[in-house]
$ cat work_20.txt   # compact mmCIF, C-alpha atoms
# COMPACT_ATOMS: atom_id res chain seq x y z
CA MET A 285 100.12 147.00 103.17
CA ILE A 286 101.36 148.21 99.77
CA VAL A 287 104.78 147.05 98.56
CA ILE A 288 106.68 149.30 96.15
CA THR A 289 109.54 147.87 94.11
CA ALA A 290 112.12 150.15 92.47
CA PRO A 291 111.10 153.13 94.65
CA THR A 292 114.07 155.25 93.56
CA GLY A 293 113.66 154.65 89.80
CA ASN A 294 112.13 156.94 87.19
CA ILE A 295 108.55 155.96 88.06
CA GLY A 296 109.05 154.95 91.68
CA ARG A 297 110.46 158.32 92.72
CA HIS A 298 107.18 159.90 91.58
CA LEU A 299 104.98 157.11 92.95
CA LEU A 300 106.37 156.95 96.47
CA PRO A 301 105.55 160.59 97.39
CA LEU A 302 102.02 160.14 96.02
CA LEU A 303 101.50 157.08 98.19
CA LEU A 304 103.07 158.73 101.23
CA GLU A 305 100.43 161.42 100.82
CA SER A 306 97.43 159.22 100.04
CA ALA A 307 97.99 155.81 101.62
CA PRO A 308 97.55 156.82 105.29
CA ALA A 309 94.07 158.18 104.53
CA HIS A 310 93.21 154.71 103.19
CA GLY A 311 94.66 153.00 106.26
CA GLU A 312 97.55 151.60 104.22
CA GLY A 313 101.10 150.89 105.36
CA LEU A 314 103.98 151.18 102.89
CA ARG A 315 106.88 148.80 102.39
CA VAL A 316 109.66 149.39 99.86
CA VAL A 317 112.20 147.02 98.33
CA VAL A 318 115.45 148.81 97.58
CA ARG A 319 119.04 147.74 97.03
CA ASP A 320 120.51 150.81 98.74
CA PRO A 321 118.31 152.35 101.45
CA ALA A 322 120.62 155.39 101.52
CA ARG A 323 119.06 156.47 98.23
CA LEU A 324 115.88 157.18 100.19
CA SER A 325 115.78 160.32 102.28
CA GLU A 326 115.82 159.92 106.05
CA ALA A 327 112.32 161.42 106.19
CA VAL A 328 111.04 158.74 103.81
CA ARG A 329 112.81 155.91 105.63
CA GLU A 330 111.05 156.97 108.84
CA ARG A 331 107.65 156.54 107.19
CA VAL A 332 108.07 153.22 105.35
CA GLU A 333 109.21 149.72 106.10
CA VAL A 334 112.41 149.02 104.17
CA ILE A 335 113.35 145.62 102.76
CA THR A 336 116.96 145.74 101.56
CA GLY A 337 117.94 143.78 98.46
CA SER A 338 116.92 142.99 94.90
CA HIS A 339 113.28 142.19 94.18
CA GLY A 340 114.58 139.57 91.75
CA ASP A 341 115.84 137.57 94.74
CA ALA A 342 113.53 134.85 96.08
CA GLU A 343 114.38 135.43 99.76
CA VAL A 344 113.88 139.19 99.42
CA VAL A 345 110.44 139.00 97.78
CA ASP A 346 109.37 136.30 100.21
CA ARG A 347 109.98 138.76 103.07
CA ALA A 348 108.59 141.71 101.16
CA PHE A 349 105.28 140.09 100.18
CA GLU A 350 104.43 138.58 103.56
CA GLY A 351 101.24 140.25 104.75
CA ALA A 352 101.05 142.42 101.61
CA ASP A 353 97.73 143.38 100.07
CA ALA A 354 99.09 145.05 96.91
CA VAL A 355 102.38 145.27 95.02
CA PHE A 356 103.76 147.77 92.55
CA TRP A 357 105.96 145.69 90.23
CA LEU A 358 108.65 147.16 87.99
CA VAL A 359 111.49 145.19 86.41
CA PRO A 360 114.72 147.14 85.97
CA PRO A 361 115.92 145.69 82.62
CA ASP A 362 119.35 144.11 82.88
CA ALA A 363 121.19 144.46 79.57
CA SER A 364 123.61 141.71 80.57
CA LEU A 365 120.81 139.13 80.21
CA THR A 366 118.56 137.82 77.44
CA PRO A 367 115.16 139.55 77.24
CA ASP A 368 113.40 136.49 78.67
CA ASP A 369 115.78 136.29 81.62
CA ALA A 370 115.63 140.05 82.15
CA TYR A 371 111.82 140.06 82.41
CA CYS A 372 110.37 136.61 83.13
CA GLY A 373 113.48 135.23 84.77
CA PHE A 374 113.64 138.20 87.12
CA THR A 375 109.91 137.94 87.89
CA ARG A 376 109.59 134.18 88.56
CA PRO A 377 110.64 134.35 92.24
CA ALA A 378 108.12 137.16 92.77
CA ALA A 379 105.37 135.17 91.04
CA LYS A 380 105.95 132.29 93.46
CA ALA A 381 105.94 134.65 96.42
CA LEU A 382 102.73 136.36 95.27
CA ALA A 383 100.95 133.01 95.22
CA ALA A 384 102.52 131.77 98.45
CA HIS A 385 101.46 134.86 100.41
CA GLY A 386 98.07 135.31 98.78
CA VAL A 387 98.74 138.86 97.61
CA GLY A 388 95.50 140.22 96.20
CA HIS A 389 96.46 142.95 93.73
CA VAL A 390 99.47 143.79 91.56
CA VAL A 391 100.08 146.83 89.37
CA GLY A 392 102.92 146.26 86.91
CA VAL A 393 104.81 148.49 84.50
CA SER A 394 104.54 147.08 80.99
CA ALA A 395 104.15 148.24 77.40
CA LEU A 396 101.67 148.89 74.65
CA GLY A 397 101.44 146.29 71.92
CA ARG A 398 99.32 143.39 73.16
CA VAL A 399 96.60 144.15 70.61
CA SER A 400 99.09 144.54 67.76
CA PRO A 401 99.94 141.83 65.20
CA LEU A 402 103.56 142.86 65.85
CA ALA A 403 103.41 141.79 69.51
CA HIS A 404 105.16 138.45 68.94
CA ARG A 405 108.23 140.05 67.32
CA ALA A 406 108.69 143.23 69.32
CA GLY A 407 111.79 142.33 71.30
CA LEU A 408 111.73 143.78 74.81
CA VAL A 409 108.02 144.52 74.51
CA THR A 410 107.33 140.85 73.72
CA ALA A 411 109.30 139.90 76.83
CA SER A 412 107.38 142.44 78.91
CA LEU A 413 104.02 141.06 77.74
CA ALA A 414 105.19 137.54 78.66
CA MET A 415 106.01 138.89 82.13
CA ASP A 416 102.43 140.18 82.39
CA ASP A 417 101.12 136.71 81.57
CA LEU A 418 103.37 135.18 84.20
CA ILE A 419 102.06 137.51 86.91
CA ALA A 420 98.43 137.15 85.85
CA GLY A 421 98.87 133.37 85.92
CA THR A 422 99.42 133.46 89.68
CA GLY A 423 95.75 134.31 90.18
CA VAL A 424 96.27 137.84 91.53
CA ALA A 425 94.13 140.70 90.31
CA TYR A 426 96.55 142.33 87.88
CA ARG A 427 96.71 145.60 86.01
CA ALA A 428 99.51 146.01 83.47
CA LEU A 429 100.24 149.68 82.82
CA ALA A 430 100.52 149.61 79.02
CA ASN A 431 102.93 152.42 78.26
CA PRO A 432 104.39 153.88 75.08
CA SER A 433 107.88 155.40 75.04
CA PHE A 434 108.65 157.89 77.81
CA PHE A 435 109.40 161.60 77.43
CA GLU A 436 112.25 160.90 79.86
CA ASN A 437 114.10 158.80 77.26
CA ILE A 438 115.07 162.11 75.63
CA LEU A 439 117.12 163.01 78.71
CA GLU A 440 119.69 160.52 77.42
CA GLU A 441 120.16 162.95 74.52
CA ALA A 442 120.61 166.05 76.70
CA ASP A 443 124.34 166.34 76.06
CA SER A 444 123.87 166.02 72.29
CA ILE A 445 121.04 168.55 72.31
CA ARG A 446 123.18 170.96 74.32
CA ALA A 447 126.31 170.55 72.20
CA LYS A 448 124.94 169.96 68.70
CA GLY A 449 121.21 170.66 68.78
CA VAL A 450 120.56 167.05 67.70
CA PHE A 451 118.71 164.07 69.16
CA THR A 452 118.49 160.60 67.63
CA ASP A 453 116.32 157.51 67.61
CA ALA A 454 115.61 154.72 65.14
CA VAL A 455 112.07 155.55 63.95
CA ASP A 456 110.76 157.61 61.04
CA ALA A 457 110.80 161.34 61.66
CA ASP A 458 107.14 161.79 60.69
CA ARG A 459 105.61 158.73 62.40
CA LYS A 460 103.20 159.91 65.08
CA ALA A 461 102.85 157.80 68.20
CA PRO A 462 101.82 158.21 71.83
CA LEU A 463 104.42 159.36 74.34
CA VAL A 464 104.03 159.75 78.09
CA ALA A 465 105.61 161.38 81.14
CA VAL A 466 106.65 158.98 83.91
CA ALA A 467 104.91 161.17 86.50
CA ASP A 468 101.60 160.41 84.78
CA ILE A 469 102.31 156.67 84.93
CA ALA A 470 103.00 157.01 88.65
CA ALA A 471 99.70 158.82 89.17
CA VAL A 472 97.74 156.00 87.52
CA ALA A 473 99.63 153.42 89.57
CA ALA A 474 98.90 155.29 92.81
CA ARG A 475 95.18 155.39 92.02
CA LEU A 476 95.03 151.66 91.28
CA LEU A 477 97.04 150.71 94.35
CA THR A 478 94.86 152.66 96.78
CA ASP A 479 91.46 151.94 95.20
CA ARG A 480 91.53 148.18 94.74
CA SER A 481 87.92 147.63 93.72
CA TRP A 482 89.11 146.04 90.45
CA THR A 483 89.35 142.32 89.80
CA GLY A 484 90.73 139.99 87.14
CA SER A 485 93.56 140.77 84.74
CA ASP A 486 93.67 143.63 82.25
CA SER A 487 95.84 146.30 80.65
CA VAL A 488 95.55 150.01 81.47
CA PRO A 489 96.87 152.21 78.64
CA VAL A 490 98.63 155.44 79.67
CA LEU A 491 98.93 157.35 76.42
CA GLY A 492 99.80 160.98 77.09
CA PRO A 493 97.60 163.80 75.76
CA ARG A 494 98.32 163.37 72.03
CA ASP A 495 100.38 161.50 69.45
CA LEU A 496 103.62 163.17 68.36
CA SER A 497 106.26 162.54 65.73
CA TYR A 498 109.97 163.10 66.24
CA ASN A 499 109.74 166.12 63.99
CA ASP A 500 106.99 167.41 66.32
CA LEU A 501 109.33 166.85 69.27
CA ALA A 502 112.13 168.75 67.53
CA ARG A 503 109.82 171.70 66.84
CA ILE A 504 108.57 171.83 70.41
CA MET A 505 112.08 171.52 71.85
CA THR A 506 113.21 174.36 69.58
CA GLU A 507 110.40 176.54 70.90
CA GLN A 508 110.91 175.61 74.55
CA LEU A 509 114.72 175.78 74.60
CA GLY A 510 115.01 178.87 72.42
CA ARG A 511 117.61 177.22 70.19
CA PRO A 512 117.40 175.00 67.07
CA VAL A 513 116.92 171.28 67.70
CA ARG A 514 116.62 168.68 64.96
CA TYR A 515 116.02 164.95 64.80
CA GLU A 516 118.37 162.49 63.09
CA ARG A 517 117.22 158.94 62.48
CA GLN A 518 119.79 156.28 63.33
CA PRO A 519 119.75 153.16 61.10
CA LEU A 520 118.91 149.98 63.00
CA GLY A 521 122.17 148.35 61.93
CA GLU A 522 124.13 151.25 63.36
CA LEU A 523 122.12 151.10 66.59
CA HIS A 524 122.84 147.37 66.86
CA ALA A 525 126.58 147.88 66.41
CA THR A 526 126.70 150.79 68.84
CA LEU A 527 124.95 148.87 71.61
CA LEU A 528 127.12 145.80 71.11
CA GLY A 529 130.11 148.12 71.44
CA TYR A 530 128.93 148.98 74.95
CA GLY A 531 129.26 145.30 75.91
CA LEU A 532 125.53 144.56 76.19
CA ASN A 533 124.21 141.02 75.87
CA GLU A 534 123.72 140.30 72.15
CA ALA A 535 120.22 138.90 72.61
CA PHE A 536 119.23 141.95 74.67
CA VAL A 537 120.59 144.24 71.96
CA GLN A 538 118.55 142.35 69.37
CA GLY A 539 115.54 142.80 71.66
CA ILE A 540 116.05 146.57 71.59
CA VAL A 541 116.43 146.59 67.81
CA ASP A 542 113.33 144.43 67.32
CA MET A 543 111.36 146.72 69.63
CA LYS A 544 112.45 149.81 67.70
CA ARG A 545 111.58 148.16 64.39
CA ALA A 546 108.14 147.17 65.68
CA LYS A 547 107.46 150.66 67.00
CA ASN A 548 108.39 152.09 63.61
CA GLU A 549 105.89 149.68 62.03
CA GLY A 550 103.06 150.83 64.31
CA LEU A 551 103.36 148.68 67.46
CA ASP A 552 101.98 151.44 69.69
CA ALA A 553 99.01 152.23 67.45
CA GLY A 554 95.57 150.73 67.77
CA VAL A 555 94.62 151.74 71.33
CA ALA A 556 92.03 154.50 71.48
CA ARG A 557 92.87 157.60 73.51
CA THR A 558 89.78 157.71 75.70
CA PRO A 559 89.50 160.15 78.62
CA ASP A 560 90.63 157.34 80.92
CA ALA A 561 93.64 156.42 78.75
CA ALA A 562 94.84 159.97 78.10
CA SER A 563 97.25 161.43 80.66
CA PRO A 564 97.63 165.15 81.32
CA THR A 565 101.30 166.14 81.01
CA SER A 566 102.04 167.64 77.59
CA PHE A 567 105.45 167.50 75.95
CA GLU A 568 105.58 171.29 76.18
CA GLN A 569 105.08 171.15 79.94
CA TRP A 570 107.63 168.38 80.31
CA CYS A 571 110.22 170.29 78.29
CA ALA A 572 109.78 173.40 80.41
CA LEU A 573 109.95 171.57 83.74
CA THR A 574 112.44 168.77 83.04
CA LEU A 575 114.33 168.99 79.73
CA LYS A 576 115.10 172.70 79.77
CA PRO A 577 116.92 172.61 83.13
CA ALA A 578 118.84 169.48 82.03
CA VAL A 579 119.98 171.00 78.73
CA LEU A 580 120.60 174.59 79.79
CA SER A 581 122.17 173.93 83.20
$ encode --input "work_20.txt" --output "structure tokens"
Amino acid sequence: MIVITAPTGNIGRHLLPLLLESAPAHGEGLRVVVRDPARLSEAVRERVEVITGSHGDAEVVDRAFEGADAVFWLVPPDASLTPDDAYCGFTRPAAKALAAHGVGHVVGVSALGRVSPLAHRAGLVTASLAMDDLIAGTGVAYRALANPSFFENILEEADSIRAKGVFTDAVDADRKAPLVAVADIAAVAARLLTDRSWTGSDSVPVLGPRDLSYNDLARIMTEQLGRPVRYERQPLGELHATLLGYGLNEAFVQGIVDMKRAKNEGLDAGVARTPDAASPTSFEQWCALTLKPAVLS
């Protein structure tokens, strides 16, 4: 039995079809934890066991993990909380349930940075790494998917790209760093969940095919969209004020700012892109398949 949390999220919506295709051949049943089962298609609901509720709730994860052999763990960050509460606080009931039910393997969504000297002051990334330690401390075999920033984050800028030909972030325009498509993360998770020959605790980097700067992204978007796109760097102080204006928890906002600062100082560097760590989807492919329809629709 494989349990999938957040099955309708950015990664889960790619992971669940992969497991629906591959798990039966491995003799695996599938169980999902979802707040609103209506967000799953009727065809999917007929093929999985559905546990309704939040996987941050002790009673829900206790039911979900009973008889489970493996769990896909993803925390949906809650910007109304502090980073520690959003990651470790949310995960503590699950950690107790993992131990209580003797779950053997967990694959979690985490972040690059553990090998960096910046890891202790990287905001949300620091909180995510602490979550990894919490899960590993239960004694399960654990693989933390160590991810850089997602291509999909740019979808938040689709309206600005459409209207003004501009996208923003808070890092230097020429700093190259790994970036990854969420579908590639899902593919790695599916492989680990169905082939559980691994033991112990470790990180699995998912780095995309090559490092890119924001100026590189602007050039590729210009080519793919057939219209000029440029990058504008947002000062960290302005980012902080903007996010506070949305009513987010102040400590969570500081966690975002600290993460952005650490990324700009090289947080995601230092992990070699080996054949196992590289993932296949290029930014050009992602633009053509995902960004272009979002911007030009």
$ residues_around --input "work_20.txt" --residues "region 553-564 of chain A" --least-positions-apart "2" --cutoff "12 Å" --atoms "all atoms listed in the file" --output "NGL selection string"
:A and (395-403 or 429-432 or 459-472 or 487-496 or 546-551 or 566-570)
$ atom_distance --input "work_20.txt" --atom1 "CA of Ala354 (chain A)" --atom2 "CA of Asp341 (chain A)"
18.5 Å
$ atom_distance --input "work_20.txt" --atom1 "CA of Tyr426 (chain A)" --atom2 "CA of Arg319 (chain A)"
24.9 Å
$ closest_residue --input "work_20.txt" --among "A:Arg511, A:His404, A:Arg427, A:Arg517" --to "Ala457 (chain A)" --atoms "all atoms listed in the file"
A:Arg517
$ closest_residue --input "work_20.txt" --among "A:Gly337, A:Gly510, A:Gly373, A:Gly313" --to "Gly351 (chain A)" --atoms "only C-alpha atoms"
A:Gly313
$ closest_residue --input "work_20.txt" --among "A:Trp357, A:Gly388, A:Val318, A:Leu299" --to "Val344 (chain A)" --atoms "all atoms listed in the file"
A:Val318
$ atom_distance --input "work_20.txt" --atom1 "CA of Val513 (chain A)" --atom2 "CA of Ile540 (chain A)"
25.0 Å
$ residues_around --input "work_20.txt" --residues "Val334 (chain A)" --least-positions-apart "5" --cutoff "7 Å" --atoms "all atoms listed in the file" --output "PyMOL selection string"
chain A and resi 315-317
$ closest_residue --input "work_20.txt" --among "A:Gly539, A:Pro321, A:Gly340, A:Pro512" --to "Pro377 (chain A)" --atoms "only C-alpha atoms"
A:Gly340
$ closest_residue --input "work_20.txt" --among "A:Val332, A:Val359, A:Leu523, A:Ala379" --to "Ala420 (chain A)" --atoms "all atoms listed in the file"
A:Ala379
$ decode --input "work_20.txt" --residues "region 525-540 of chain A" --atoms "all heavy atoms" --output "PDB file, in the first residue's frame"
ATOM      1  N   ALA A 525       7.887  43.861   2.089  1.00  0.00           N
ATOM      2  CA  ALA A 525       6.738  44.742   2.297  1.00  0.00           C
ATOM      3  C   ALA A 525       5.520  44.261   1.514  1.00  0.00           C
ATOM      4  O   ALA A 525       4.380  44.306   2.018  1.00  0.00           O
ATOM      5  CB  ALA A 525       7.111  46.168   1.890  1.00  0.00           C
ATOM      6  N   THR A 526       5.746  43.807   0.297  1.00  0.00           N
ATOM      7  CA  THR A 526       4.642  43.328  -0.535  1.00  0.00           C
ATOM      8  C   THR A 526       3.957  42.126   0.096  1.00  0.00           C
ATOM      9  O   THR A 526       2.719  42.066   0.181  1.00  0.00           O
ATOM     10  CB  THR A 526       5.151  42.953  -1.939  1.00  0.00           C
ATOM     11  OG1 THR A 526       5.699  44.118  -2.567  1.00  0.00           O
ATOM     12  CG2 THR A 526       4.008  42.405  -2.802  1.00  0.00           C
ATOM     13  N   LEU A 527       4.744  41.169   0.574  1.00  0.00           N
ATOM     14  CA  LEU A 527       4.168  39.968   1.164  1.00  0.00           C
ATOM     15  C   LEU A 527       3.443  40.271   2.469  1.00  0.00           C
ATOM     16  O   LEU A 527       2.381  39.703   2.746  1.00  0.00           O
ATOM     17  CB  LEU A 527       5.264  38.922   1.384  1.00  0.00           C
ATOM     18  CG  LEU A 527       5.910  38.366   0.118  1.00  0.00           C
ATOM     19  CD1 LEU A 527       7.044  37.408   0.468  1.00  0.00           C
ATOM     20  CD2 LEU A 527       4.887  37.678  -0.767  1.00  0.00           C
ATOM     21  N   LEU A 528       4.002  41.155   3.278  1.00  0.00           N
ATOM     22  CA  LEU A 528       3.300  41.562   4.494  1.00  0.00           C
ATOM     23  C   LEU A 528       1.963  42.208   4.153  1.00  0.00           C
ATOM     24  O   LEU A 528       0.972  42.041   4.872  1.00  0.00           O
ATOM     25  CB  LEU A 528       4.155  42.532   5.311  1.00  0.00           C
ATOM     26  CG  LEU A 528       5.302  41.944   6.129  1.00  0.00           C
ATOM     27  CD1 LEU A 528       6.021  43.054   6.884  1.00  0.00           C
ATOM     28  CD2 LEU A 528       4.789  40.892   7.122  1.00  0.00           C
ATOM     29  N   GLY A 529       1.939  42.943   3.050  1.00  0.00           N
ATOM     30  CA  GLY A 529       0.701  43.587   2.620  1.00  0.00           C
ATOM     31  C   GLY A 529      -0.397  42.609   2.265  1.00  0.00           C
ATOM     32  O   GLY A 529      -1.584  42.954   2.286  1.00  0.00           O
ATOM     33  N   TYR A 530      -0.019  41.361   1.937  1.00  0.00           N
ATOM     34  CA  TYR A 530      -1.003  40.329   1.651  1.00  0.00           C
ATOM     35  C   TYR A 530      -1.549  39.684   2.924  1.00  0.00           C
ATOM     36  O   TYR A 530      -2.417  38.816   2.856  1.00  0.00           O
ATOM     37  CB  TYR A 530      -0.387  39.225   0.787  1.00  0.00           C
ATOM     38  CG  TYR A 530      -0.006  39.660  -0.602  1.00  0.00           C
ATOM     39  CD1 TYR A 530       1.083  39.085  -1.258  1.00  0.00           C
ATOM     40  CD2 TYR A 530      -0.725  40.644  -1.283  1.00  0.00           C
ATOM     41  CE1 TYR A 530       1.442  39.469  -2.540  1.00  0.00           C
ATOM     42  CE2 TYR A 530      -0.373  41.044  -2.566  1.00  0.00           C
ATOM     43  CZ  TYR A 530       0.709  40.450  -3.188  1.00  0.00           C
ATOM     44  OH  TYR A 530       1.068  40.827  -4.455  1.00  0.00           O
ATOM     45  N   GLY A 531      -1.021  40.085   4.087  1.00  0.00           N
ATOM     46  CA  GLY A 531      -1.503  39.550   5.349  1.00  0.00           C
ATOM     47  C   GLY A 531      -0.842  38.262   5.784  1.00  0.00           C
ATOM     48  O   GLY A 531      -1.357  37.553   6.652  1.00  0.00           O
ATOM     49  N   LEU A 532       0.325  37.933   5.200  1.00  0.00           N
ATOM     50  CA  LEU A 532       1.026  36.712   5.573  1.00  0.00           C
ATOM     51  C   LEU A 532       1.662  36.854   6.948  1.00  0.00           C
ATOM     52  O   LEU A 532       1.956  37.973   7.395  1.00  0.00           O
ATOM     53  CB  LEU A 532       2.109  36.375   4.548  1.00  0.00           C
ATOM     54  CG  LEU A 532       1.690  35.631   3.274  1.00  0.00           C
ATOM     55  CD1 LEU A 532       0.672  36.417   2.472  1.00  0.00           C
ATOM     56  CD2 LEU A 532       2.910  35.333   2.411  1.00  0.00           C
ATOM     57  N   ASN A 533       1.877  35.730   7.613  1.00  0.00           N
ATOM     58  CA  ASN A 533       2.571  35.715   8.892  1.00  0.00           C
ATOM     59  C   ASN A 533       3.948  36.352   8.724  1.00  0.00           C
ATOM     60  O   ASN A 533       4.687  36.038   7.800  1.00  0.00           O
ATOM     61  CB  ASN A 533       2.714  34.262   9.371  1.00  0.00           C
ATOM     62  CG  ASN A 533       3.454  34.125  10.673  1.00  0.00           C
ATOM     63  OD1 ASN A 533       4.670  34.287  10.725  1.00  0.00           O
ATOM     64  ND2 ASN A 533       2.730  33.821  11.732  1.00  0.00           N
ATOM     65  N   GLU A 534       4.334  37.248   9.642  1.00  0.00           N
ATOM     66  CA  GLU A 534       5.584  37.988   9.488  1.00  0.00           C
ATOM     67  C   GLU A 534       6.797  37.066   9.500  1.00  0.00           C
ATOM     68  O   GLU A 534       7.752  37.266   8.739  1.00  0.00           O
ATOM     69  CB  GLU A 534       5.712  39.044  10.589  1.00  0.00           C
ATOM     70  CG  GLU A 534       6.912  39.949  10.411  1.00  0.00           C
ATOM     71  CD  GLU A 534       6.917  41.135  11.359  1.00  0.00           C
ATOM     72  OE1 GLU A 534       5.984  41.261  12.169  1.00  0.00           O
ATOM     73  OE2 GLU A 534       7.876  41.939  11.284  1.00  0.00           O
ATOM     74  N   ALA A 535       6.770  36.050  10.352  1.00  0.00           N
ATOM     75  CA  ALA A 535       7.901  35.114  10.400  1.00  0.00           C
ATOM     76  C   ALA A 535       7.979  34.304   9.108  1.00  0.00           C
ATOM     77  O   ALA A 535       9.081  33.995   8.623  1.00  0.00           O
ATOM     78  CB  ALA A 535       7.757  34.181  11.607  1.00  0.00           C
ATOM     79  N   PHE A 536       6.833  33.948   8.528  1.00  0.00           N
ATOM     80  CA  PHE A 536       6.841  33.216   7.267  1.00  0.00           C
ATOM     81  C   PHE A 536       7.386  34.095   6.149  1.00  0.00           C
ATOM     82  O   PHE A 536       8.170  33.639   5.311  1.00  0.00           O
ATOM     83  CB  PHE A 536       5.427  32.745   6.919  1.00  0.00           C
ATOM     84  CG  PHE A 536       5.386  31.671   5.866  1.00  0.00           C
ATOM     85  CD1 PHE A 536       5.396  30.332   6.219  1.00  0.00           C
ATOM     86  CD2 PHE A 536       5.351  31.996   4.515  1.00  0.00           C
ATOM     87  CE1 PHE A 536       5.366  29.338   5.259  1.00  0.00           C
ATOM     88  CE2 PHE A 536       5.322  31.010   3.537  1.00  0.00           C
ATOM     89  CZ  PHE A 536       5.327  29.673   3.912  1.00  0.00           C
ATOM     90  N   VAL A 537       6.984  35.359   6.144  1.00  0.00           N
ATOM     91  CA  VAL A 537       7.507  36.303   5.151  1.00  0.00           C
ATOM     92  C   VAL A 537       9.024  36.413   5.276  1.00  0.00           C
ATOM     93  O   VAL A 537       9.747  36.388   4.274  1.00  0.00           O
ATOM     94  CB  VAL A 537       6.849  37.681   5.312  1.00  0.00           C
ATOM     95  CG1 VAL A 537       7.587  38.743   4.492  1.00  0.00           C
ATOM     96  CG2 VAL A 537       5.382  37.623   4.898  1.00  0.00           C
ATOM     97  N   GLN A 538       9.519  36.516   6.517  1.00  0.00           N
ATOM     98  CA  GLN A 538      10.967  36.580   6.707  1.00  0.00           C
ATOM     99  C   GLN A 538      11.630  35.294   6.220  1.00  0.00           C
ATOM    100  O   GLN A 538      12.744  35.330   5.675  1.00  0.00           O
ATOM    101  CB  GLN A 538      11.300  36.818   8.181  1.00  0.00           C
ATOM    102  CG  GLN A 538      12.766  37.139   8.441  1.00  0.00           C
ATOM    103  CD  GLN A 538      13.220  38.396   7.718  1.00  0.00           C
ATOM    104  OE1 GLN A 538      12.600  39.459   7.841  1.00  0.00           O
ATOM    105  NE2 GLN A 538      14.311  38.297   6.950  1.00  0.00           N
ATOM    106  N   GLY A 539      10.932  34.165   6.377  1.00  0.00           N
ATOM    107  CA  GLY A 539      11.458  32.902   5.874  1.00  0.00           C
ATOM    108  C   GLY A 539      11.595  32.898   4.357  1.00  0.00           C
ATOM    109  O   GLY A 539      12.561  32.350   3.813  1.00  0.00           O
ATOM    110  N   ILE A 540      10.641  33.512   3.667  1.00  0.00           N
ATOM    111  CA  ILE A 540      10.738  33.626   2.211  1.00  0.00           C
ATOM    112  C   ILE A 540      11.903  34.523   1.826  1.00  0.00           C
ATOM    113  O   ILE A 540      12.705  34.197   0.941  1.00  0.00           O
ATOM    114  CB  ILE A 540       9.421  34.180   1.626  1.00  0.00           C
ATOM    115  CG1 ILE A 540       8.282  33.181   1.833  1.00  0.00           C
ATOM    116  CG2 ILE A 540       9.588  34.502   0.136  1.00  0.00           C
ATOM    117  CD1 ILE A 540       6.919  33.709   1.430  1.00  0.00           C
TER     118      ILE A 540
END
